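*Asks:* So here's model-v4.pdb, just PDB, C-alpha atoms, pLDDT in the B column:
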MODEL        1
ATOM      1  CA  MET A  16     167.085 209.110   4.533  1.00 69.00           C
ATOM      2  CA  ASN A  17     164.665 207.555   6.960  1.00 87.00           C
ATOM      3  CA  PRO A  18     161.253 209.352   6.877  1.00 86.00           C
ATOM      4  CA  ILE A  19     160.921 209.195  10.669  1.00 88.00           C
ATOM      5  CA  PHE A  20     164.321 210.831  11.098  1.00 89.00           C
ATOM      6  CA  LEU A  21     163.391 213.568   8.632  1.00 89.00           C
ATOM      7  CA  THR A  22     160.101 214.141  10.442  1.00 87.00           C
ATOM      8  CA  ILE A  23     161.887 214.477  13.786  1.00 88.00           C
ATOM      9  CA  ILE A  24     164.157 217.114  12.265  1.00 90.00           C
ATOM     10  CA  PHE A  25     161.755 219.076  10.066  1.00 92.00           C
ATOM     11  CA  VAL A  26     158.653 219.299  12.285  1.00 91.00           C
ATOM     12  CA  PRO A  27     160.368 221.408  14.977  1.00 92.00           C
ATOM     13  CA  VAL A  28     162.015 223.547  12.294  1.00 93.00           C
ATOM     14  CA  ILE A  29     158.634 224.243  10.674  1.00 94.00           C
ATOM     15  CA  GLU A  30     157.048 224.914  14.072  1.00 93.00           C
ATOM     16  CA  ILE A  31     159.764 227.378  15.089  1.00 93.00           C
ATOM     17  CA  TYR A  32     159.514 229.139  11.730  1.00 95.00           C
ATOM     18  CA  LEU A  33     155.736 229.477  12.030  1.00 94.00           C
ATOM     19  CA  LEU A  34     155.959 230.650  15.647  1.00 93.00           C
ATOM     20  CA  ILE A  35     158.453 233.361  14.677  1.00 94.00           C
ATOM     21  CA  LYS A  36     156.450 234.488  11.626  1.00 95.00           C
ATOM     22  CA  ILE A  37     153.080 234.526  13.381  1.00 93.00           C
ATOM     23  CA  GLY A  38     154.587 236.033  16.535  1.00 93.00           C
ATOM     24  CA  SER A  39     156.079 238.889  14.554  1.00 94.00           C
ATOM     25  CA  GLU A  40     152.684 239.593  12.960  1.00 94.00           C
ATOM     26  CA  ILE A  41     150.330 239.369  15.946  1.00 93.00           C
ATOM     27  CA  GLY A  42     152.727 239.761  18.874  1.00 93.00           C
ATOM     28  CA  ALA A  43     154.404 237.364  21.284  1.00 90.00           C
ATOM     29  CA  ILE A  44     151.765 237.439  24.034  1.00 93.00           C
ATOM     30  CA  THR A  45     148.935 236.894  21.548  1.00 94.00           C
ATOM     31  CA  THR A  46     150.835 234.009  19.956  1.00 93.00           C
ATOM     32  CA  ILE A  47     151.363 232.323  23.329  1.00 92.00           C
ATOM     33  CA  PHE A  48     147.712 232.896  24.212  1.00 94.00           C
ATOM     34  CA  LEU A  49     146.653 231.408  20.853  1.00 93.00           C
ATOM     35  CA  ILE A  50     148.807 228.320  21.447  1.00 92.00           C
ATOM     36  CA  PHE A  51     147.174 227.740  24.847  1.00 92.00           C
ATOM     37  CA  ILE A  52     143.662 228.317  23.477  1.00 94.00           C
ATOM     38  CA  THR A  53     144.138 225.861  20.593  1.00 91.00           C
ATOM     39  CA  ALA A  54     145.528 223.248  22.995  1.00 90.00           C
ATOM     40  CA  ILE A  55     142.652 223.646  25.474  1.00 93.00           C
ATOM     41  CA  LEU A  56     139.927 223.677  22.810  1.00 92.00           C
ATOM     42  CA  GLY A  57     141.542 220.773  21.000  1.00 88.00           C
ATOM     43  CA  ILE A  58     141.771 218.620  24.112  1.00 89.00           C
ATOM     44  CA  TYR A  59     138.143 219.243  25.033  1.00 93.00           C
ATOM     45  CA  TYR A  60     136.978 218.490  21.502  1.00 91.00           C
ATOM     46  CA  ALA A  61     139.183 215.376  21.423  1.00 89.00           C
ATOM     47  CA  LYS A  62     137.521 214.221  24.635  1.00 92.00           C
ATOM     48  CA  TYR A  63     134.082 214.849  23.138  1.00 93.00           C
ATOM     49  CA  GLU A  64     134.876 213.036  19.875  1.00 92.00           C
ATOM     50  CA  GLY A  65     136.586 210.200  21.751  1.00 91.00           C
ATOM     51  CA  LEU A  66     133.463 209.612  23.845  1.00 93.00           C
ATOM     52  CA  ASN A  67     131.290 209.710  20.704  1.00 92.00           C
ATOM     53  CA  THR A  68     133.568 207.179  19.026  1.00 92.00           C
ATOM     54  CA  LEU A  69     133.493 204.960  22.112  1.00 92.00           C
ATOM     55  CA  ARG A  70     129.685 205.136  22.211  1.00 94.00           C
ATOM     56  CA  SER A  71     129.462 204.285  18.506  1.00 92.00           C
ATOM     57  CA  GLY A  72     131.845 201.346  18.999  1.00 91.00           C
ATOM     58  CA  PHE A  73     129.735 199.937  21.838  1.00 93.00           C
ATOM     59  CA  ASN A  74     126.604 200.292  19.690  1.00 93.00           C
ATOM     60  CA  GLN A  75     128.263 198.298  16.925  1.00 92.00           C
ATOM     61  CA  LEU A  76     129.321 195.630  19.400  1.00 92.00           C
ATOM     62  CA  LYS A  77     125.707 195.375  20.600  1.00 93.00           C
ATOM     63  CA  ARG A  78     124.673 194.767  16.976  1.00 93.00           C
ATOM     64  CA  ASN A  79     127.351 192.049  16.729  1.00 91.00           C
ATOM     65  CA  GLU A  80     129.442 194.055  14.234  1.00 89.00           C
ATOM     66  CA  THR A  81     133.171 194.703  14.287  1.00 88.00           C
ATOM     67  CA  PRO A  82     133.914 198.365  15.152  1.00 89.00           C
ATOM     68  CA  THR A  83     136.907 198.681  12.820  1.00 87.00           C
ATOM     69  CA  TYR A  84     136.333 202.317  11.861  1.00 87.00           C
ATOM     70  CA  GLU A  85     135.760 203.266  15.485  1.00 90.00           C
ATOM     71  CA  MET A  86     139.029 201.641  16.570  1.00 91.00           C
ATOM     72  CA  LEU A  87     140.942 203.525  13.890  1.00 90.00           C
ATOM     73  CA  SER A  88     139.111 206.727  14.786  1.00 92.00           C
ATOM     74  CA  GLY A  89     139.971 206.281  18.446  1.00 91.00           C
ATOM     75  CA  ALA A  90     143.656 205.896  17.616  1.00 92.00           C
ATOM     76  CA  ALA A  91     143.510 208.923  15.312  1.00 92.00           C
ATOM     77  CA  ILE A  92     141.794 211.006  18.001  1.00 93.00           C
ATOM     78  CA  ALA A  93     144.425 210.020  20.571  1.00 92.00           C
ATOM     79  CA  PHE A  94     147.183 210.955  18.116  1.00 93.00           C
ATOM     80  CA  ALA A  95     145.400 214.238  17.362  1.00 93.00           C
ATOM     81  CA  ALA A  96     145.208 215.028  21.070  1.00 91.00           C
ATOM     82  CA  VAL A  97     148.970 214.542  21.363  1.00 92.00           C
ATOM     83  CA  LEU A  98     149.505 216.803  18.357  1.00 92.00           C
ATOM     84  CA  LEU A  99     147.309 219.463  19.934  1.00 91.00           C
ATOM     85  CA  ILE A 100     149.263 219.362  23.199  1.00 89.00           C
ATOM     86  CA  ILE A 101     152.541 219.954  21.343  1.00 89.00           C
ATOM     87  CA  PRO A 102     152.985 223.727  20.998  1.00 89.00           C
ATOM     88  CA  GLY A 103     152.905 224.900  17.413  1.00 90.00           C
ATOM     89  CA  PHE A 104     150.608 225.782  14.586  1.00 93.00           C
ATOM     90  CA  ALA A 105     151.425 223.034  12.067  1.00 93.00           C
ATOM     91  CA  THR A 106     150.823 220.251  14.594  1.00 93.00           C
ATOM     92  CA  ASP A 107     147.624 222.006  15.722  1.00 93.00           C
ATOM     93  CA  LEU A 108     146.375 222.108  12.144  1.00 93.00           C
ATOM     94  CA  LEU A 109     147.065 218.397  11.643  1.00 93.00           C
ATOM     95  CA  GLY A 110     145.526 217.617  15.036  1.00 92.00           C
ATOM     96  CA  PHE A 111     142.317 219.503  14.215  1.00 92.00           C
ATOM     97  CA  LEU A 112     142.123 217.769  10.824  1.00 92.00           C
ATOM     98  CA  LEU A 113     142.285 214.393  12.565  1.00 91.00           C
ATOM     99  CA  ILE A 114     139.735 215.326  15.232  1.00 91.00           C
ATOM    100  CA  PHE A 115     136.916 216.492  12.971  1.00 90.00           C
ATOM    101  CA  PRO A 116     134.893 213.486  11.763  1.00 89.00           C
ATOM    102  CA  LEU A 117     134.455 214.748   8.193  1.00 91.00           C
ATOM    103  CA  THR A 118     138.152 215.289   7.528  1.00 91.00           C
ATOM    104  CA  ARG A 119     139.088 212.130   9.441  1.00 89.00           C
ATOM    105  CA  LYS A 120     136.785 210.088   7.207  1.00 89.00           C
ATOM    106  CA  PHE A 121     138.256 211.766   4.119  1.00 90.00           C
ATOM    107  CA  ILE A 122     141.811 210.946   5.284  1.00 87.00           C
ATOM    108  CA  PHE A 123     140.874 207.340   6.096  1.00 87.00           C
ATOM    109  CA  ASN A 124     139.220 206.849   2.693  1.00 87.00           C
ATOM    110  CA  GLY A 125     142.378 208.098   0.994  1.00 82.00           C
ATOM    111  CA  LEU A 126     144.533 205.728   3.035  1.00 80.00           C
ATOM    112  CA  PHE A 127     142.199 202.783   2.432  1.00 78.00           C
ATOM    113  CA  LYS A 128     142.319 203.364  -1.316  1.00 80.00           C
ATOM    114  CA  LYS A 129     146.113 203.546  -1.206  1.00 75.00           C
ATOM    115  CA  PHE A 130     146.655 200.392   0.855  1.00 75.00           C
ATOM    116  CA  ASN A 131     143.679 198.334  -0.319  1.00 71.00           C
ATOM    117  CA  THR A 132     145.106 197.031  -3.570  1.00 63.00           C
ATOM    118  CA  VAL A 133     143.669 193.596  -4.146  1.00 58.00           C
ATOM    119  CA  ASN A 134     145.381 191.324  -6.615  1.00 54.00           C
ATOM    120  CA  THR A 135     142.525 190.213  -8.861  1.00 54.00           C
ATOM    121  CA  ARG A 136     144.654 188.467 -11.484  1.00 59.00           C
ATOM    122  CA  LYS A 137     143.271 185.027 -12.290  1.00 61.00           C
ATOM    123  CA  SER A 138     145.473 182.012 -12.747  1.00 62.00           C
ATOM    124  CA  ASP A 139     144.698 178.888 -14.721  1.00 69.00           C
ATOM    125  CA  PHE A 140     146.594 176.502 -12.506  1.00 69.00           C
ATOM    126  CA  ILE A 141     146.494 175.148  -8.999  1.00 71.00           C
ATOM    127  CA  ASP A 142     149.721 175.225  -7.062  1.00 73.00           C
ATOM    128  CA  GLY A 143     150.451 172.064  -5.114  1.00 74.00           C
ATOM    129  CA  GLU A 144     152.787 169.175  -4.479  1.00 79.00           C
ATOM    130  CA  TYR A 145     152.453 165.600  -5.625  1.00 74.00           C
ATOM    131  CA  GLU A 146     154.180 162.296  -5.101  1.00 76.00           C
ATOM    132  CA  ASP A 147     154.289 159.330  -7.486  1.00 73.00           C
ATOM    133  CA  LEU A 148     153.286 156.117  -5.787  1.00 72.00           C
ATOM    134  CA  ASP A 149     154.055 152.722  -7.229  1.00 70.00           C
ATOM    135  CA  GLU A 150     151.285 150.123  -7.357  1.00 67.00           C
ATOM    136  CA  LYS A 151     153.330 147.915  -5.046  1.00 65.00           C
ATOM    137  CA  ASP A 152     153.326 150.584  -2.329  1.00 58.00           C
ATOM    138  CA  ASP A 153     149.566 151.007  -2.569  1.00 55.00           C
ATOM    139  CA  ARG A 154     148.538 148.613   0.197  1.00 53.00           C
TER
ENDMDL
END
Output the file's structure as structure tokens, nothing else.
*Replies:*
Amino acid sequence: MNPIFLTIIFVPVIEIYLLIKIGSEIGAITTIFLIFITAILGIYYAKYEGLNTLRSGFNQLKRNETPTYEMLSGAAIAFAAVLLIIPGFATDLLGFLLIFPLTRKFIFNGLFKKFNTVNTRKSDFIDGEYEDLDEKDDR
């Protein structure tokens, strides 16, 4: 099946399961309070990290460097903020992992290693096209 379709189905199921389990352990009011606290703290920390990333990106632009990591970090922080707004504990955990710079860098390094496969195989030929010309046509 399509991974996006499976994600749309399984994420709410996992969230509901965790809400029921945690709510039965610590109580419904405490669970609701915890969901609001994680959302508020996450949004404020996302704002703080987003401004730090923006500042770092402008500093790299001043040095005439491309702020590639900062652009990816900004997108990850925006995605993490959305995850933190969504009520639930699994999305909050993933959102906090994306917001903290240390874990974000660890996740990015893992993704870069996975997708940065360079084909270093050498070839002994040059690919090209040619056309035979007669000496009569060579004017």
*Asks:* Output the residue selection produced by the PyMOL selection byres ((chain A and resi 69) around 12) on the file above, formatted as a ChimeraX atom specification.
*Replies:* /A:61-68,70-76,82-90,92
*Asks:* For Ile58 of chain A, which residue among A:Gly125, A:Ala93, A:Ile31, A:Asp142 is the nearest when counting only C-alpha atoms?
*Replies:* A:Ala93
*Asks:* Expressed in Å to a single decimal, how great is the separation between atom CA of Thr22 of chain A and atom CA of Gly42 of chain A?
*Replies:* 28.0 Å
*Asks:* Smallest atom-to-atom distance to Leu109 of chain A: which of A:Leu148, A:Ala91, A:Leu126, A:Ile47, using all atoms listed in the file?
*Replies:*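 Ranked by minimum distance to Leu109 of chain A, first place goes to A:Ala91.
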*Asks:* Work out how far apart atom CA of Ala95 of chain A and atom CA of Tyr60 of chain A are and give it in Å to one decimal.
*Replies:* 10.3 Å
